[in-house]
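Enquirer: Have a look at this one.
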Amino acid sequence: MGKRPARDPSQVLIVEGADDQAVAESLLRANEFEVRFTACPKRSVDALIKSMGAEIKVPGRRVVGFVFDANSDPHARWQEVVQNLEGVRPVPEIPEPDGAIIEGSPKVGIWMMPDNIKPGELEDLVAEMVRRDDAVWPLAEAYLDSLPDSEREYIKRKPVKAAVHVWLANKKQPGRMGAAIGAGHLDVTAASADRFASWLRRLFDDASLSPAGPAPR
Amino acid sequence: MSNRLHLSDLVIRGFRGIADLEISRLGRVTLLTGRNGVGKTTALEALETYACAAGDDVLYRILQARGELPSEDEARTGLRLPVNWLSLFHGHRKWLAENGDPLNPVDSDDAMPVFNVGPKSESESLTVRLRRSSDEMLDRLWRGREEVTLEEILPLSLYVRFRGQEEREVPTFDVHPRWRRAFLNRASGIACRRIGPELVENRDLARCWDSVALTPQESLVVEALGHVVADQPKRVAMLGAEDREGARFVVKLASQEERVPLKSLGDGANRFFGLVLVLATVKGGMLLIDEVENGIHHQVQQNYWSLIFDFAREHGVQVIATTHSWDAVKGFASAAEGRGEDAALIRIQRGDHRIEAVEYTPDEIQIVAEQGIEVR
């Protein structure tokens, strides 16, 4: 792997956790872009949403992007965002399917996982990238189905999240979504992933996303 | 006592380095952050100028602190003195260049320098214009001053309007206070003290002590000193001297028989003592603190700020402080928790064309401290 370019502290992607960061970065690399923005993982979605105003106000920032999960109620989540950014930035009343970008200084971007519309989280975006002919995916689902009720511990309304992690357990670097994208196990042209990557490219300017050589394998 | 803030918002226009700055909300206690040289100290100078309604002594001190007053020798010859008063106005160099001869100031008011400080509501604001002196003023100054020629002075006056009061004319020439006494601008402003980054001077401490001695404030000050001294102070006393400069403070600590000089307790304790003592004497007024973190150890920052918040609310004081320090921001935020709109945190920064204020809500102040988000 070549030497990574220096990170640009004036362009920041605020994420819930390391997985979100890894997925964003590997999607861009798979699209042959170098990543120069600095990622800033928060402890939780609540901490992230509450911090939005203050993060936008950090001195010296040119671009600030936010990536967080819609979870069960996308409408309620979006309202939290609107409330937290009141008086800071005008936020569209409903989320934009292609991801919100609010021009200004700094430029602000908002992406609600998985696709700004549906309830869900990062894993739903990743599940959509699993190829139709993937041999392991049905086995992962079958494994979860086979669990007796007394042994089932994953959250029932999040079966996709559970399936993604079972599927990831079988990879060389188990449990790592970014690595699975980097290794080519996932389809980066899947609709939501493609829109997410486009949003990242529109958000971060050329200085931070210069087209690079082929993605390192 | 009215608990209304003297300034709940702020506009500074044309004052020294600040062309135009608007702050939509000040708190009872406001912390200003921002890089060096961005205008934090200038903002405090503007606030002090407002509070004293552009009183002579304050303007004089501002110029003196910035090294913009003439030396005694220059003052005696009367050379170029008025330029120093001009430096109160933003863009005065450009004005001088464009208007060439300040001896013949243009008649149009629009072209003359002006600054505003105060709330957005103009009737509550301070406006200071520089204009040609009135004939009455010149007559008055000429009496008994035949040795001075018009060329040695500039016939310019400051025209001061404060909170809708009648406009007052203050001559700008003969800056030296010896000559000015008869024309002092004795404005009715707001009680205000500004503390610089250094230790409060002895004679100021002595003056403050006079007003708190044997009042309830005295015990508050002594108690407050306990926040920064390991050994709880029991009493503080000022020992006299021939002049106030020579006055010194001694402290009786709980564990020692002998009284100890306050100075022996270190710069931190001395700075803290000075701040609290001054705070205790500006009842119902304003306190401005430049580089509030100086000498205050990070471990006592929260106590220190709690004390400021309590004092400010109890005594109707509005406090505006500047800092570079993250510890000060953190201490301020911890102390601000649950105090709502009493707290305001504002960063002053250079925008594309002007300096601008970035304002934090009470909620954001908490988040910033919790998550360690940069605000400076």
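Order determines the names: the first chain of the structure tokens is A, the second B, and so forth; residues in each chain are numbered 1 upward, and ligands are numbered 1 upward as they are shown.
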Find the residues around His297 of chain B up to 10 Å (only C-alpha atoms counted), leave out those fewer than 6 positions away in its own chain, and share them as an MDAnalysis selection string.

Expert: chainID B and resid 228 268:269 272 304 327:328

Enquirer: Write a file of the just-selected residues containing C-alpha atoms, as a PDB file, in the first residue's frame.

Expert:
ATOM      1  CA  VAL B 228      -6.797  28.933  45.684  1.00  0.00           C
ATOM      2  CA  GLY B 268      -2.224  32.742  41.335  1.00  0.00           C
ATOM      3  CA  ALA B 269      -3.544  33.669  44.762  1.00  0.00           C
ATOM      4  CA  PHE B 272      -7.446  35.645  42.177  1.00  0.00           C
ATOM      5  CA  TYR B 304     -13.616  30.298  40.205  1.00  0.00           C
ATOM      6  CA  ASP B 327      -9.200  24.984  30.960  1.00  0.00           C
ATOM      7  CA  ALA B 328     -10.979  28.300  31.308  1.00  0.00           C
TER       8      ALA B 328
END

Enquirer: Pick out each residue of chain A that DSSP on the backbone tags as helix (DSSP H, G or I); I need them as a VMD selection string.

Expert: chain A and resid 18 to 30 45 to 56 74 to 84 122 to 129 136 to 146 149 to 151 159 to 169 177 to 182 191 to 203

Enquirer: Could those selected residues go to a file with C-alpha atoms, as a tab-separated table (two decimals), in the first residue's frame?

Expert:
chain	number	residue	atom	x	y	z
A	18	ALA	CA	-15.22	3.52	13.38
A	19	ASP	CA	-17.35	1.30	11.08
A	20	ASP	CA	-19.05	4.31	9.49
A	21	GLN	CA	-15.66	5.89	8.91
A	22	ALA	CA	-14.24	2.69	7.39
A	23	VAL	CA	-17.22	2.25	5.05
A	24	ALA	CA	-17.08	5.88	3.86
A	25	GLU	CA	-13.36	5.71	3.24
A	26	SER	CA	-13.32	2.33	1.52
A	27	LEU	CA	-16.25	3.30	-0.72
A	28	LEU	CA	-14.29	6.35	-1.86
A	29	ARG	CA	-11.13	4.33	-2.40
A	30	ALA	CA	-13.12	1.75	-4.37
A	45	VAL	CA	-25.92	8.79	17.70
A	46	ASP	CA	-27.23	11.03	20.51
A	47	ALA	CA	-23.79	12.48	21.18
A	48	LEU	CA	-23.40	13.07	17.44
A	49	ILE	CA	-26.74	14.81	16.92
A	50	LYS	CA	-26.24	17.03	19.98
A	51	SER	CA	-22.77	18.03	18.83
A	52	MET	CA	-23.82	19.15	15.34
A	53	GLY	CA	-24.08	22.89	16.08
A	54	ALA	CA	-20.83	23.01	18.00
A	55	GLU	CA	-18.97	20.94	15.37
A	56	ILE	CA	-20.11	23.31	12.61
A	74	PRO	CA	-36.30	8.43	10.30
A	75	HIS	CA	-38.83	11.26	10.68
A	76	ALA	CA	-38.16	11.69	14.41
A	77	ARG	CA	-34.40	11.48	13.84
A	78	TRP	CA	-34.56	14.18	11.17
A	79	GLN	CA	-36.60	16.43	13.46
A	80	GLU	CA	-33.83	16.15	16.06
A	81	VAL	CA	-31.38	17.33	13.44
A	82	VAL	CA	-33.59	20.25	12.41
A	83	GLN	CA	-33.99	21.30	16.07
A	84	ASN	CA	-30.30	21.03	16.85
A	122	LEU	CA	-25.14	1.37	8.39
A	123	GLU	CA	-25.60	-2.40	8.16
A	124	ASP	CA	-28.65	-1.94	5.92
A	125	LEU	CA	-26.50	-0.04	3.45
A	126	VAL	CA	-23.92	-2.83	3.58
A	127	ALA	CA	-26.56	-5.58	3.23
A	128	GLU	CA	-27.74	-3.91	0.03
A	129	MET	CA	-24.18	-4.25	-1.30
A	136	VAL	CA	-22.78	-17.19	2.24
A	137	TRP	CA	-25.57	-14.64	2.72
A	138	PRO	CA	-28.44	-17.20	2.62
A	139	LEU	CA	-26.46	-19.34	5.07
A	140	ALA	CA	-26.06	-16.38	7.43
A	141	GLU	CA	-29.81	-15.77	7.32
A	142	ALA	CA	-30.53	-19.45	7.78
A	143	TYR	CA	-28.18	-19.56	10.77
A	144	LEU	CA	-30.09	-16.75	12.47
A	145	ASP	CA	-33.41	-18.45	11.66
A	146	SER	CA	-32.15	-21.70	13.11
A	149	ASP	CA	-35.94	-18.53	20.66
A	150	SER	CA	-34.32	-19.13	24.04
A	151	GLU	CA	-30.87	-18.47	22.56
A	159	PRO	CA	-32.41	-8.95	11.60
A	160	VAL	CA	-30.37	-7.37	8.79
A	161	LYS	CA	-27.83	-5.97	11.21
A	162	ALA	CA	-27.42	-9.43	12.74
A	163	ALA	CA	-27.14	-11.11	9.33
A	164	VAL	CA	-24.46	-8.67	8.16
A	165	HIS	CA	-22.34	-9.46	11.20
A	166	VAL	CA	-22.78	-13.20	10.78
A	167	TRP	CA	-21.81	-12.79	7.12
A	168	LEU	CA	-18.79	-10.67	8.11
A	169	ALA	CA	-17.69	-13.33	10.60
A	177	MET	CA	-17.26	-3.74	6.89
A	178	GLY	CA	-14.64	-1.40	5.47
A	179	ALA	CA	-12.23	-4.26	4.90
A	180	ALA	CA	-14.94	-6.30	3.14
A	181	ILE	CA	-15.47	-3.41	0.72
A	182	GLY	CA	-11.70	-3.00	0.23
A	191	ALA	CA	-27.83	2.00	-5.45
A	192	SER	CA	-27.55	3.38	-1.88
A	193	ALA	CA	-23.80	2.84	-1.66
A	194	ASP	CA	-23.34	4.62	-4.97
A	195	ARG	CA	-25.46	7.57	-3.82
A	196	PHE	CA	-23.56	7.71	-0.52
A	197	ALA	CA	-20.22	7.81	-2.35
A	198	SER	CA	-21.53	10.54	-4.68
A	199	TRP	CA	-22.65	12.56	-1.67
A	200	LEU	CA	-19.18	12.27	-0.14
A	201	ARG	CA	-17.62	13.41	-3.41
A	202	ARG	CA	-19.97	16.37	-3.74
A	203	LEU	CA	-19.35	17.31	-0.12

Enquirer: Taking only C-alpha atoms into account, what are the residues of chain B at most 6 Å from chain A, put as JSON, numbers by chain?

Expert: {"B": [364, 374, 375]}

Enquirer: Limited to all heavy atoms, could you put the picked residues into a file as a PDB file, in the first residue's frame?

Expert:
ATOM      1  N   GLU B 364     -25.110  24.149  23.691  1.00  0.00           N
ATOM      2  CA  GLU B 364     -23.841  23.906  22.989  1.00  0.00           C
ATOM      3  C   GLU B 364     -22.642  24.081  23.919  1.00  0.00           C
ATOM      4  O   GLU B 364     -21.633  23.388  23.788  1.00  0.00           O
ATOM      5  CB  GLU B 364     -23.722  24.845  21.774  1.00  0.00           C
ATOM      6  CG  GLU B 364     -24.579  24.396  20.603  1.00  0.00           C
ATOM      7  CD  GLU B 364     -24.677  25.422  19.471  1.00  0.00           C
ATOM      8  OE1 GLU B 364     -24.225  26.576  19.661  1.00  0.00           O
ATOM      9  OE2 GLU B 364     -25.219  25.074  18.416  1.00  0.00           O
ATOM     10  N   GLU B 374     -13.443  21.977  20.002  1.00  0.00           N
ATOM     11  CA  GLU B 374     -12.681  23.241  19.994  1.00  0.00           C
ATOM     12  C   GLU B 374     -13.596  24.446  19.772  1.00  0.00           C
ATOM     13  O   GLU B 374     -14.456  24.415  18.891  1.00  0.00           O
ATOM     14  CB  GLU B 374     -11.622  23.185  18.881  1.00  0.00           C
ATOM     15  CG  GLU B 374     -10.664  24.358  18.854  1.00  0.00           C
ATOM     16  CD  GLU B 374      -9.929  24.552  20.180  1.00  0.00           C
ATOM     17  OE1 GLU B 374      -8.853  23.954  20.350  1.00  0.00           O
ATOM     18  OE2 GLU B 374     -10.448  25.295  21.034  1.00  0.00           O
ATOM     19  N   VAL B 375     -13.407  25.469  20.588  1.00  0.00           N
ATOM     20  CA  VAL B 375     -14.189  26.696  20.402  1.00  0.00           C
ATOM     21  C   VAL B 375     -13.297  27.922  20.261  1.00  0.00           C
ATOM     22  O   VAL B 375     -13.785  29.034  20.084  1.00  0.00           O
ATOM     23  CB  VAL B 375     -15.142  26.967  21.598  1.00  0.00           C
ATOM     24  CG1 VAL B 375     -16.185  25.881  21.719  1.00  0.00           C
ATOM     25  CG2 VAL B 375     -14.366  27.080  22.907  1.00  0.00           C
TER      26      VAL B 375
END

Enquirer: Applying 6 Å and only C-alpha atoms, which residues near segment 330-336 of chain B remain after dropping the ones on its own chain fewer than 3 positions away? List them as JSON, numbers by chain.

Expert: {"B": [301, 302, 305, 306, 327, 339, 343, 365, 366, 369]}

Enquirer: Among segment 109-322 of chain B, which ones does DSSP place in strand (DSSP E or B), written as a PyMOL selection string?

Expert: chain B and resi 114-118+126-132+156-162+168-171+192-195+233-239+248-253+260-261+286-289+318-322

Enquirer: With only C-alpha atoms as the atoms that count, which of A:Ala6, A:Val130, A:Val64, A:Ile101 lies nearest to Gly184 of chain A?

Expert: A:Val130

Enquirer: Do you know which residues are at most 6 Å from segment 116-132 of chain B counting only C-alpha atoms, after dropping those on the same chain fewer than 2 positions away, and could you put them as a VMD selection string?

Expert: chain B and resid 9 to 13 50 113 to 114 155 to 164

Enquirer: Using only C-alpha atoms, which protein or nucleic acid residues come within 9 Å of Arg248 of chain B? Drop anything in the same chain fewer than 3 positions from it, and give the result as a ChimeraX atom specification.

Expert: /B:202,206,237-241,244-245,261-263

Enquirer: Using only C-alpha atoms, which residue out of B:Gln299, B:Asn294, B:Ser134, B:Thr215 lies closest to Ala321 of chain B?

Expert: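 Nearest to Ala321 of chain B: B:Asn294.
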